[in-house]
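final_6.txt (compact mmCIF, C-alpha atoms) appears below.
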# COMPACT_ATOMS: atom_id res chain seq x y z
CA MET A 112 138.40 2.93 -71.18
CA LYS A 113 135.61 2.85 -68.68
CA GLN A 114 133.87 5.61 -70.55
CA ALA A 115 134.17 3.81 -73.87
CA LEU A 116 132.57 0.78 -72.27
CA ARG A 117 129.70 2.87 -70.94
CA ILE A 118 129.05 4.46 -74.33
CA THR A 119 129.05 1.07 -76.02
CA CYS A 120 126.71 -0.40 -73.44
CA VAL A 121 124.19 2.42 -73.58
CA LEU A 122 124.12 2.48 -77.38
CA THR A 123 123.77 -1.30 -77.58
CA VAL A 124 120.92 -1.42 -75.09
CA VAL A 125 119.06 1.47 -76.73
CA CYS A 126 119.41 -0.10 -80.17
CA LEU A 127 118.33 -3.52 -78.93
CA LEU A 128 115.25 -2.13 -77.22
CA SER A 129 114.36 -0.06 -80.26
CA GLY A 130 114.76 -3.07 -82.54
CA PHE A 131 112.69 -5.20 -80.21
CA PHE A 132 109.78 -2.74 -80.09
CA LEU A 133 109.82 -2.14 -83.82
CA SER A 134 109.86 -5.80 -84.77
CA PHE A 135 106.99 -6.36 -82.35
CA ALA A 136 104.99 -3.52 -83.92
CA TYR A 137 105.86 -4.65 -87.43
CA ASN A 138 104.70 -8.18 -86.69
CA LYS A 139 101.42 -6.86 -85.38
CA LEU A 140 100.78 -4.47 -88.26
CA SER A 141 102.37 -5.99 -91.37
CA GLY A 142 99.37 -8.23 -92.07
CA LYS A 143 97.05 -5.24 -92.01
CA ILE A 144 99.37 -3.21 -94.26
CA GLU A 145 99.59 -6.02 -96.80
CA GLU A 146 95.83 -6.40 -96.71
CA ASN A 147 95.36 -2.66 -97.35
CA GLN A 148 97.55 -2.80 -100.42
CA GLN A 149 95.65 -5.82 -101.74
CA GLN A 150 92.37 -4.06 -100.99
CA THR A 151 93.45 -0.96 -102.91
CA ILE A 152 94.37 -3.00 -105.97
CA LYS A 153 91.19 -5.06 -105.81
CA LYS A 154 88.97 -2.01 -105.40
CA ASN A 155 90.66 -0.28 -108.33
CA VAL A 156 90.51 -3.31 -110.61
CA LEU A 157 86.85 -4.00 -109.99
CA ALA A 158 86.03 -0.31 -110.47
CA LEU A 159 87.54 -0.48 -113.96
CA VAL A 160 86.03 -3.72 -115.15
CA GLU A 161 82.27 -3.30 -115.46
CA ASN A 162 81.29 -6.95 -115.18
CA GLY A 163 84.23 -8.02 -113.04
CA ALA A 164 83.17 -10.00 -110.00
CA TYR A 165 86.37 -11.34 -108.49
CA MET A 166 90.05 -11.72 -109.27
CA GLU A 167 92.88 -14.14 -108.76
CA GLU A 168 96.49 -13.29 -108.13
CA GLU A 169 99.20 -15.03 -110.13
CA THR A 170 102.95 -14.70 -110.00
CA SER A 171 105.34 -15.29 -112.86
CA GLU A 172 109.07 -14.66 -112.55
CA GLY A 173 108.45 -12.54 -109.48
CA GLU A 174 105.93 -10.34 -111.30
CA LYS A 175 102.45 -10.27 -109.86
CA TYR A 176 99.46 -10.04 -112.16
CA TYR A 177 95.76 -10.55 -111.79
CA LEU A 178 93.15 -12.53 -113.68
CA ILE A 179 89.72 -10.93 -113.63
CA PHE A 180 86.57 -13.02 -113.85
CA ASN A 181 82.88 -12.18 -114.17
CA LYS A 182 80.01 -13.74 -112.24
CA GLU A 183 79.79 -16.66 -114.66
CA LYS A 184 83.44 -17.45 -113.91
CA ASN A 185 84.59 -16.46 -117.39
CA LEU A 186 87.88 -14.66 -117.83
CA VAL A 187 87.17 -11.06 -118.80
CA GLY A 188 90.57 -9.44 -118.43
CA TYR A 189 93.97 -9.05 -116.87
CA ALA A 190 95.46 -6.43 -114.61
CA ILE A 191 99.04 -5.56 -113.78
CA THR A 192 100.83 -2.72 -112.02
CA GLU A 193 103.84 -0.88 -113.34
CA GLU A 194 105.80 2.12 -112.16
CA GLY A 195 108.11 4.69 -113.68
CA ASN A 196 109.29 8.25 -113.32
CA GLY A 197 106.91 11.14 -113.63
CA TYR A 198 107.70 14.83 -113.45
CA GLN A 199 108.34 14.98 -109.71
CA GLY A 200 108.51 11.42 -108.55
CA LYS A 201 107.39 7.89 -109.02
CA ILE A 202 104.09 7.15 -110.74
CA LYS A 203 102.53 3.76 -110.14
CA ILE A 204 99.76 2.69 -112.43
CA LEU A 205 97.35 -0.21 -112.48
CA VAL A 206 96.44 -1.25 -116.02
CA ALA A 207 93.47 -3.48 -116.79
CA LEU A 208 93.36 -5.17 -120.21
CA LYS A 209 90.45 -6.88 -121.87
CA SER A 210 90.89 -10.61 -122.35
CA ASP A 211 91.51 -10.25 -126.14
CA LEU A 212 94.58 -8.12 -125.29
CA ASN A 213 93.61 -5.58 -127.97
CA SER A 214 92.08 -2.90 -125.81
CA LEU A 215 92.02 -1.59 -122.27
CA TRP A 216 89.41 -1.66 -119.57
CA GLY A 217 91.13 1.38 -118.19
CA ILE A 218 93.88 2.55 -115.86
CA GLN A 219 94.12 3.76 -112.28
CA ILE A 220 96.88 5.87 -110.80
CA ILE A 221 97.89 4.11 -107.59
CA GLU A 222 100.68 6.46 -106.60
CA SER A 223 101.83 9.83 -107.92
CA GLN A 224 103.47 13.01 -106.71
CA GLU A 225 102.83 15.27 -109.68
CA THR A 226 102.42 19.04 -109.41
CA PRO A 227 99.06 19.83 -107.81
CA GLY A 228 96.77 21.58 -110.26
CA LEU A 229 98.86 20.61 -113.28
CA GLY A 230 100.43 17.16 -113.46
CA ALA A 231 98.15 15.92 -110.70
CA LYS A 232 95.34 16.09 -113.28
CA ILE A 233 96.50 12.65 -114.41
CA ASN A 234 94.32 11.57 -111.48
CA SER A 235 91.26 13.32 -112.93
CA THR A 236 88.41 11.29 -114.35
CA GLU A 237 88.57 13.22 -117.65
CA PHE A 238 92.13 12.09 -118.26
CA LYS A 239 91.72 8.53 -117.04
CA ASN A 240 88.46 8.05 -118.98
CA GLN A 241 90.41 8.45 -122.21
CA PHE A 242 91.95 5.06 -121.51
CA LYS A 243 88.60 3.29 -121.26
CA GLY A 244 88.23 0.93 -124.20
CA LEU A 245 91.35 2.36 -125.81
CA ILE A 246 92.86 0.28 -128.62
CA ILE A 247 96.43 -0.66 -127.75
CA ILE A 248 97.61 -2.02 -131.10
CA PRO A 249 100.42 -1.35 -131.95
CA GLN A 250 100.80 0.91 -128.86
CA ILE A 251 99.29 3.93 -127.14
CA ASN A 252 100.38 7.29 -128.53
CA LEU A 253 100.19 10.72 -127.01
CA THR A 254 98.97 13.70 -129.01
CA LYS A 255 98.77 17.36 -128.13
CA LYS A 256 95.73 17.81 -130.38
CA GLU A 257 92.35 16.15 -130.34
CA PRO A 258 92.87 12.38 -130.71
CA GLU A 259 92.19 11.18 -134.26
CA ASN A 260 92.94 7.48 -133.95
CA HIS A 261 91.62 4.90 -131.55
CA ASN A 262 95.00 4.45 -129.90
CA GLU A 263 95.63 8.11 -129.05
CA ILE A 264 95.47 9.95 -125.77
CA SER A 265 95.29 13.71 -125.65
CA ALA A 266 97.85 15.27 -123.30
CA ILE A 267 96.85 17.51 -120.40
CA SER A 268 97.75 21.08 -121.34
CA GLY A 269 100.61 22.32 -119.19
CA ALA A 270 101.46 18.80 -118.09
CA THR A 271 102.92 17.10 -121.13
CA ILE A 272 105.67 15.40 -119.14
CA SER A 273 103.24 13.82 -116.70
CA SER A 274 100.89 12.76 -119.51
CA ARG A 275 103.77 11.27 -121.45
CA ALA A 276 104.94 9.41 -118.35
CA VAL A 277 101.51 7.84 -117.86
CA VAL A 278 101.37 6.69 -121.49
CA LYS A 279 104.90 5.34 -121.32
CA ILE A 280 104.27 3.40 -118.10
CA THR A 281 101.00 2.03 -119.46
CA ASN A 282 102.72 0.81 -122.62
CA LYS A 283 105.42 -0.77 -120.48
CA ALA A 284 102.79 -2.54 -118.38
CA ILE A 285 101.04 -3.88 -121.47
CA LYS A 286 104.30 -5.19 -122.88
CA LYS A 287 105.16 -6.84 -119.57
CA LEU A 288 101.80 -8.54 -119.32
CA LYS A 289 101.93 -9.80 -122.90
CA ARG A 290 105.41 -11.20 -122.30
CA ILE A 291 104.22 -13.02 -119.18
CA LEU A 292 101.15 -14.42 -120.91
CA GLU A 293 103.14 -15.68 -123.91
CA LYS A 294 104.96 -18.12 -121.68
CA MET B 268 101.75 25.31 -61.84
CA ASN B 269 103.27 28.58 -62.97
CA ARG B 270 105.93 26.74 -64.88
CA ILE B 271 103.37 24.65 -66.70
CA LYS B 272 101.46 27.79 -67.69
CA LYS B 273 104.68 29.31 -68.94
CA LEU B 274 105.45 26.20 -71.03
CA LEU B 275 101.96 26.34 -72.50
CA ILE B 276 102.33 29.98 -73.58
CA GLU B 277 105.84 29.32 -74.90
CA GLY B 278 104.81 26.35 -77.05
CA LEU B 279 101.56 27.73 -78.38
CA TRP B 280 102.50 31.37 -78.91
CA LYS B 281 105.60 33.08 -77.60
CA ASN B 282 108.11 30.53 -78.79
CA HIS B 283 105.94 29.05 -81.53
CA PRO B 284 107.99 26.44 -83.44
CA VAL B 285 106.79 27.45 -86.91
CA PHE B 286 106.19 31.20 -86.70
CA ARG B 287 108.76 32.18 -84.06
CA GLN B 288 111.59 29.65 -84.09
CA LEU B 289 111.10 28.89 -87.80
CA ILE B 290 112.21 25.30 -87.38
CA GLY B 291 110.80 22.16 -88.95
CA MET B 292 110.43 23.97 -92.26
CA CYS B 293 110.67 20.86 -94.42
CA PRO B 294 107.29 19.36 -93.46
CA THR B 295 105.83 22.82 -92.86
CA LEU B 296 106.35 23.85 -96.45
CA ALA B 297 105.94 20.48 -98.12
CA VAL B 298 102.82 18.87 -96.69
CA THR B 299 100.63 21.92 -96.18
CA THR B 300 98.82 21.55 -99.49
CA SER B 301 95.63 20.49 -97.74
CA ALA B 302 94.30 21.00 -94.23
CA ILE B 303 93.92 17.30 -93.57
CA ASN B 304 97.57 16.68 -94.45
CA GLY B 305 98.64 19.50 -92.13
CA LEU B 306 96.54 18.10 -89.32
CA SER B 307 97.78 14.52 -89.67
CA MET B 308 101.40 15.66 -89.90
CA GLY B 309 100.84 17.78 -86.77
CA LEU B 310 99.29 14.91 -84.83
CA SER B 311 102.14 12.60 -85.82
CA VAL B 312 104.64 15.17 -84.57
CA ILE B 313 102.75 15.61 -81.27
CA PHE B 314 102.94 11.87 -80.69
CA VAL B 315 106.62 11.55 -81.57
CA LEU B 316 107.65 14.68 -79.68
CA THR B 317 105.77 13.76 -76.50
CA CYS B 318 106.94 10.13 -76.42
CA ALA B 319 110.54 10.97 -77.32
CA SER B 320 110.59 13.73 -74.67
CA PHE B 321 109.40 11.24 -72.09
CA ILE B 322 112.07 8.65 -72.90
CA VAL B 323 114.92 11.12 -73.35
CA SER B 324 114.06 12.91 -70.14
CA SER B 325 113.83 9.63 -68.19
CA LEU B 326 117.21 8.52 -69.53
CA ARG B 327 118.91 11.93 -69.31
CA LYS B 328 121.23 10.85 -66.47
CA ILE B 329 122.23 7.61 -68.19
CA ILE B 330 122.92 8.86 -71.73
CA PRO B 331 126.65 9.67 -72.14
CA PRO B 332 126.91 13.25 -73.42
CA GLN B 333 129.34 12.27 -76.21
CA VAL B 334 126.75 10.13 -77.98
CA ARG B 335 123.59 11.93 -76.93
CA ILE B 336 122.61 12.96 -80.47
CA ALA B 337 122.95 9.38 -81.69
CA VAL B 338 120.80 8.11 -78.82
CA PHE B 339 118.17 10.82 -79.39
CA THR B 340 118.03 9.93 -83.06
CA ILE B 341 117.50 6.24 -82.36
CA ILE B 342 114.71 7.02 -79.89
CA ILE B 343 113.05 9.46 -82.30
CA ALA B 344 113.42 7.04 -85.22
CA THR B 345 111.73 4.30 -83.21
CA PHE B 346 108.63 6.40 -82.56
CA VAL B 347 108.53 7.76 -86.11
CA THR B 348 108.64 4.24 -87.52
CA LEU B 349 105.79 3.29 -85.18
CA VAL B 350 103.71 6.21 -86.49
CA ASP B 351 104.57 5.31 -90.07
CA LEU B 352 103.51 1.68 -89.61
CA PHE B 353 100.35 2.75 -87.76
CA LEU B 354 99.30 5.17 -90.51
CA LYS B 355 100.02 2.60 -93.21
CA ALA B 356 97.90 0.03 -91.39
CA TYR B 357 94.93 2.14 -90.35
CA PHE B 358 94.96 5.30 -92.46
CA PRO B 359 96.45 4.22 -95.80
CA GLU B 360 95.00 7.25 -97.62
CA ILE B 361 96.66 9.75 -95.30
CA SER B 362 99.87 7.75 -95.34
CA LYS B 363 99.85 7.92 -99.13
CA SER B 364 99.34 11.66 -99.29
CA LEU B 365 102.02 12.40 -96.68
CA GLY B 366 104.41 10.18 -98.60
CA PRO B 367 108.03 10.33 -97.49
CA TYR B 368 107.37 13.16 -95.02
CA VAL B 369 106.36 10.80 -92.24
CA PRO B 370 109.76 9.02 -92.13
CA LEU B 371 111.35 12.46 -92.48
CA ILE B 372 109.97 13.49 -89.08
CA ILE B 373 113.10 11.75 -87.78
CA VAL B 374 115.25 14.62 -89.01
CA ASN B 375 112.69 17.29 -88.19
CA CYS B 376 114.70 19.84 -86.24
CA ILE B 377 111.81 20.65 -83.90
CA ILE B 378 112.14 17.24 -82.33
CA LEU B 379 115.91 17.04 -82.09
CA GLY B 380 115.89 20.68 -80.99
CA ARG B 381 113.48 20.08 -78.11
CA MET B 382 115.43 16.98 -77.02
CA GLU B 383 118.68 18.91 -76.94
CA ALA B 384 117.34 22.17 -75.53
CA PHE B 385 114.73 20.87 -73.12
CA ALA B 386 114.08 17.18 -72.55
CA SER B 387 117.71 16.28 -71.85
CA ARG B 388 117.95 18.95 -69.11
CA ASN B 389 114.57 18.93 -67.41
CA PRO B 390 112.46 16.59 -65.26
CA VAL B 391 110.14 14.14 -66.97
CA ILE B 392 106.85 15.90 -66.24
CA TYR B 393 107.95 19.22 -67.72
CA SER B 394 109.60 17.55 -70.69
CA VAL B 395 106.45 15.66 -71.60
CA LEU B 396 104.37 18.83 -71.32
CA ASP B 397 106.93 20.78 -73.35
CA GLY B 398 106.70 18.13 -76.08
CA LEU B 399 102.92 18.21 -75.98
CA PHE B 400 102.68 22.01 -76.13
CA MET B 401 105.37 22.46 -78.77
CA GLY B 402 103.68 19.73 -80.83
CA THR B 403 100.31 21.43 -80.44
CA GLY B 404 101.85 24.75 -81.48
CA PHE B 405 103.35 23.07 -84.53
CA THR B 406 99.99 21.50 -85.34
CA TRP B 407 97.95 24.69 -85.24
CA GLY B 408 100.60 26.43 -87.29
CA LEU B 409 100.43 23.72 -89.94
CA VAL B 410 96.64 23.62 -89.97
CA ILE B 411 96.38 27.42 -90.42
CA LEU B 412 99.02 27.46 -93.14
CA ALA B 413 97.48 24.47 -94.90
CA SER B 414 93.95 25.89 -94.65
CA ILE B 415 95.02 29.17 -96.24
CA ARG B 416 96.73 27.34 -99.06
CA GLU B 417 93.87 24.90 -99.59
CA ILE B 418 91.20 27.63 -99.57
CA LEU B 419 93.07 30.02 -101.88
CA GLY B 420 94.68 27.47 -104.16
CA GLY B 421 92.25 24.60 -104.27
CA GLY B 422 88.92 26.20 -103.38
CA THR B 423 88.28 23.57 -100.71
CA ILE B 424 88.71 23.14 -96.97
CA PHE B 425 89.15 19.67 -95.45
CA GLY B 426 88.06 18.42 -98.88
CA ILE B 427 84.76 20.34 -98.83
CA ASN B 428 84.14 22.44 -101.94
CA LEU B 429 83.89 26.17 -101.26
CA TYR B 430 84.03 27.79 -104.70
CA GLN B 431 84.96 26.97 -108.27
CA ASN B 432 86.30 30.05 -110.02
CA GLY B 433 89.16 32.33 -109.16
CA LYS B 434 91.48 29.83 -107.48
CA ILE B 435 95.03 31.08 -107.07
CA LEU B 436 96.90 28.03 -108.29
CA VAL B 437 100.31 29.22 -107.09
CA MET B 438 99.19 28.87 -103.45
CA ILE B 439 99.13 25.08 -103.82
CA LEU B 440 102.56 25.04 -105.50
CA PRO B 441 105.77 25.19 -103.44
CA ALA B 442 106.10 28.94 -103.98
CA GLY B 443 102.71 29.46 -102.36
CA ALA B 444 103.99 27.82 -99.18
CA PHE B 445 106.67 30.50 -98.88
CA PHE B 446 104.20 33.31 -99.60
CA ALA B 447 101.72 32.09 -97.01
CA LEU B 448 104.42 31.44 -94.41
CA GLY B 449 105.96 34.87 -94.97
CA PHE B 450 102.64 36.64 -94.46
CA LEU B 451 101.85 34.60 -91.36
CA VAL B 452 105.24 35.32 -89.78
CA ALA B 453 104.77 39.01 -90.57
CA LEU B 454 101.32 38.90 -88.99
CA MET B 455 102.74 37.23 -85.87
CA ASN B 456 105.35 39.97 -85.59
CA LEU B 457 102.72 42.64 -86.01
CA LEU B 458 100.55 41.15 -83.28
CA GLU B 459 103.54 40.84 -80.98
CA LYS B 460 104.64 44.46 -81.45
CA ARG B 461 101.22 45.94 -80.91
CA LYS B 462 100.64 47.25 -77.43
CA TRP B 463 97.46 45.73 -76.12
Rewrite the structure from the file as structure tokens, please.
Amino acid sequence: MKQALRITCVLTVVCLLSGFFLSFAYNKLSGKIEENQQQTIKKNVLALVENGAYMEEETSEGEKYYLIFNKEKNLVGYAITEEGNGYQGKIKILVALKSDLNSLWGIQIIESQETPGLGAKINSTEFKNQFKGLIIIPQINLTKKEPENHNEISAISGATISSRAVVKITNKAIKKLKRILEK
Amino acid sequence: MNRIKKLLIEGLWKNHPVFRQLIGMCPTLAVTTSAINGLSMGLSVIFVLTCASFIVSSLRKIIPPQVRIAVFTIIIATFVTLVDLFLKAYFPEISKSLGPYVPLIIVNCIILGRMEAFASRNPVIYSVLDGLFMGTGFTWGLVILASIREILGGGTIFGINLYQNGKILVMILPAGAFFALGFLVALMNLLEKRKW
């Protein structure tokens, strides 16, 4: 009985102290972490949109999206993030659309764990540049040959699954944004 | 003094966590795709191992033996979470490339192993030094392994381009981690057997 009491006491005290220190640290650092994430998104968005000067965050039904403006305060596009499964893990993509919603400014891979040297090439400029100015009507398609139409992306050889995942997530992001904007 | 010297040799060479004890294989194999990842994983482990050794050793007379593993785990988890938050706040790039392997330090057997085998039985000063030396041993092991893989597989070192053609892609893939580790362990054995 005495022993059980001792075990309980020690465990409780250790857990309490641990919780106390962690909540203290979290309080101190969470602002900075949030800011980093915002910074990453902002940097990526403004890198995609040539004449983008600043952006505003909006929330609709719990989904965050961004309005991008140029120096003259005119709306030049929208951005939204979306995630889905890649070959090895989650892929998170930032998609920037032009304000007419017919073509893309481009995409950025925010998070990915694809195979280095193969699937990880979705992070390469060559692959991502294909999305610049891409027509998205009716949707983006993947091809294993040279792209013939304005809405086609050519897959990375040896990494079809990763390429397909990127296209699929991008299409999903576009759909989501259009749905939000229709409201 | 002698004991400290012995701990130093044990941690850095004779009882090297990666090449001799072969523990902590999960991060060793998974994050060593680039030298910078290896280094940051190593530094995180040094911090966690040293701090956890200090606390566990200070509390070694209070912790009831029946629940010692649970208590060790809570202490380790606390420090690992601190490292994770710190990296996310100040080194977001590194945090991103290490991914889930930072939280996984909690179950890294080097740390639990040193708590059980050393920190819970020895005075604070030696425990802290043991944590520091074992962590340093782990770090140099990871940096060497990661450098070999990055140079052979990616043609870079610490992100600096070395060459373009003739990269051995497999070295960056998981299989390459086993190849490189196998050769390094063999090399360690060879060096050990040789009469100087």
Please provide as a PyMOL selection string all residues within 8 Å of region 357-362 of chain B, with the sequence filter that same-chain residues fewer than 2 positions apart are discarded (counting all atoms listed in the file).
(chain A and resi 143-144+147) or (chain B and resi 304+307+351+353-355+364-366+369)
What's the separation between CA of Ile427 (chain B) and CA of Lys154 (chain A), in Å to one decimal place?
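These two atoms are separated by 23.7 Å.
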Adding 4 Å on each side of the box along x, y and z that holds all listed atoms of region 272-283 of chain A, could you give its centre and edge lengths in Å to one decimal, as JSON?
{"center_x": 103.3, "center_y": 7.3, "center_z": -119.7, "size_x": 12.8, "size_y": 24.2, "size_z": 13.9}
Here is a test: counting all atoms listed in the file, which residue of B:Leu379, B:Leu458, B:Leu399, B:Leu352 is nearest to Arg335 (chain B)?
B:Leu379
Using all atoms listed in the file, which chain A residues lie at most 12 Å away from chain B, written as a ChimeraX atom specification?
/A:113-151,200-201,221-231
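Candidate residues A:Leu288, A:Ala276, A:Val160, A:Ile202 were compared for distance to Lys243 (chain A), and the nearest is A:Val160, using all atoms listed in the file.
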May I ask which of the residues B:Leu429, B:Ala297, B:Ala413, B:Met401 is the closest one to Ala386 (chain B), counting only C-alpha atoms?
B:Met401
Leu451 (chain B): which residues within 9 Å, counting only C-alpha atoms, same-chain residues fewer than 5 positions away excluded, as a PyMOL selection string?
chain B and resi 286+412+446+456
Region 395-398 of chain B: which residues within 6 Å, counting all atoms listed in the file, same-chain residues fewer than 6 positions away excluded, as a ChimeraX atom specification?
/B:316-317,320-321
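With CA of Ser301 (chain B) on one side and CA of Ile218 (chain A) on the other, the separation reads 25.6 Å.
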Atom pair CA of Val347 (chain B) + CA of Leu279 (chain B), distance 22.5 Å
Nearest to Gly380 (chain B) by atom-to-atom distance, counting only C-alpha atoms, from B:Val323, B:Ala447, B:Ile290, B:Val298:
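Checking each of B:Val323, B:Ala447, B:Ile290, B:Val298 against Gly380 (chain B), counting only C-alpha atoms, the winner is B:Ile290.
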For Val206 (chain A), which residue out of A:Ile251, A:Ala284, A:Val278, A:Ile267 is the nearest one, using all atoms listed in the file?
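Answer, going by the shortest atom-to-atom distance: A:Ala284.
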Would you mind putting back N, CA, C and O atoms on region 201-214 of chain A, then writing it out as a compact mmCIF listing (two decimals), in the coordinates of the input?
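The new file part.txt reads:
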# COMPACT_ATOMS: atom_id res chain seq x y z
N LYS A 201 107.86 9.15 -108.47
CA LYS A 201 107.39 7.89 -109.02
C LYS A 201 105.89 7.95 -109.34
O LYS A 201 105.13 8.51 -108.57
N ILE A 202 105.51 7.36 -110.45
CA ILE A 202 104.09 7.15 -110.74
C ILE A 202 103.87 5.65 -110.82
O ILE A 202 104.62 4.95 -111.49
N LYS A 203 102.86 5.18 -110.09
CA LYS A 203 102.53 3.76 -110.14
C LYS A 203 101.14 3.61 -110.71
O LYS A 203 100.21 4.28 -110.25
N ILE A 204 101.03 2.78 -111.72
CA ILE A 204 99.76 2.69 -112.43
C ILE A 204 99.28 1.25 -112.47
O ILE A 204 100.06 0.32 -112.61
N LEU A 205 97.97 1.10 -112.31
CA LEU A 205 97.35 -0.21 -112.48
C LEU A 205 96.67 -0.21 -113.85
O LEU A 205 95.90 0.69 -114.16
N VAL A 206 97.01 -1.19 -114.67
CA VAL A 206 96.44 -1.25 -116.02
C VAL A 206 95.58 -2.50 -116.12
O VAL A 206 96.01 -3.59 -115.75
N ALA A 207 94.35 -2.32 -116.59
CA ALA A 207 93.47 -3.48 -116.79
C ALA A 207 93.22 -3.67 -118.28
O ALA A 207 92.76 -2.75 -118.96
N LEU A 208 93.54 -4.86 -118.79
CA LEU A 208 93.36 -5.17 -120.21
C LEU A 208 92.16 -6.09 -120.40
O LEU A 208 91.88 -6.91 -119.53
N LYS A 209 91.52 -5.94 -121.55
CA LYS A 209 90.45 -6.88 -121.87
C LYS A 209 91.08 -8.21 -122.27
O LYS A 209 92.25 -8.27 -122.64
N SER A 210 90.29 -9.29 -122.21
CA SER A 210 90.89 -10.61 -122.35
C SER A 210 91.43 -10.86 -123.77
O SER A 210 92.27 -11.72 -123.96
N ASP A 211 90.96 -10.07 -124.80
CA ASP A 211 91.51 -10.25 -126.14
C ASP A 211 92.87 -9.57 -126.31
O ASP A 211 93.50 -9.71 -127.35
N LEU A 212 93.29 -8.82 -125.31
CA LEU A 212 94.58 -8.12 -125.29
C LEU A 212 94.71 -7.05 -126.38
O LEU A 212 95.80 -6.63 -126.72
N ASN A 213 93.56 -6.62 -126.95
CA ASN A 213 93.61 -5.58 -127.97
C ASN A 213 93.21 -4.21 -127.44
O ASN A 213 93.48 -3.20 -128.08
N SER A 214 92.52 -4.20 -126.33
CA SER A 214 92.08 -2.90 -125.81
C SER A 214 92.10 -2.92 -124.28
O SER A 214 92.27 -3.96 -123.65
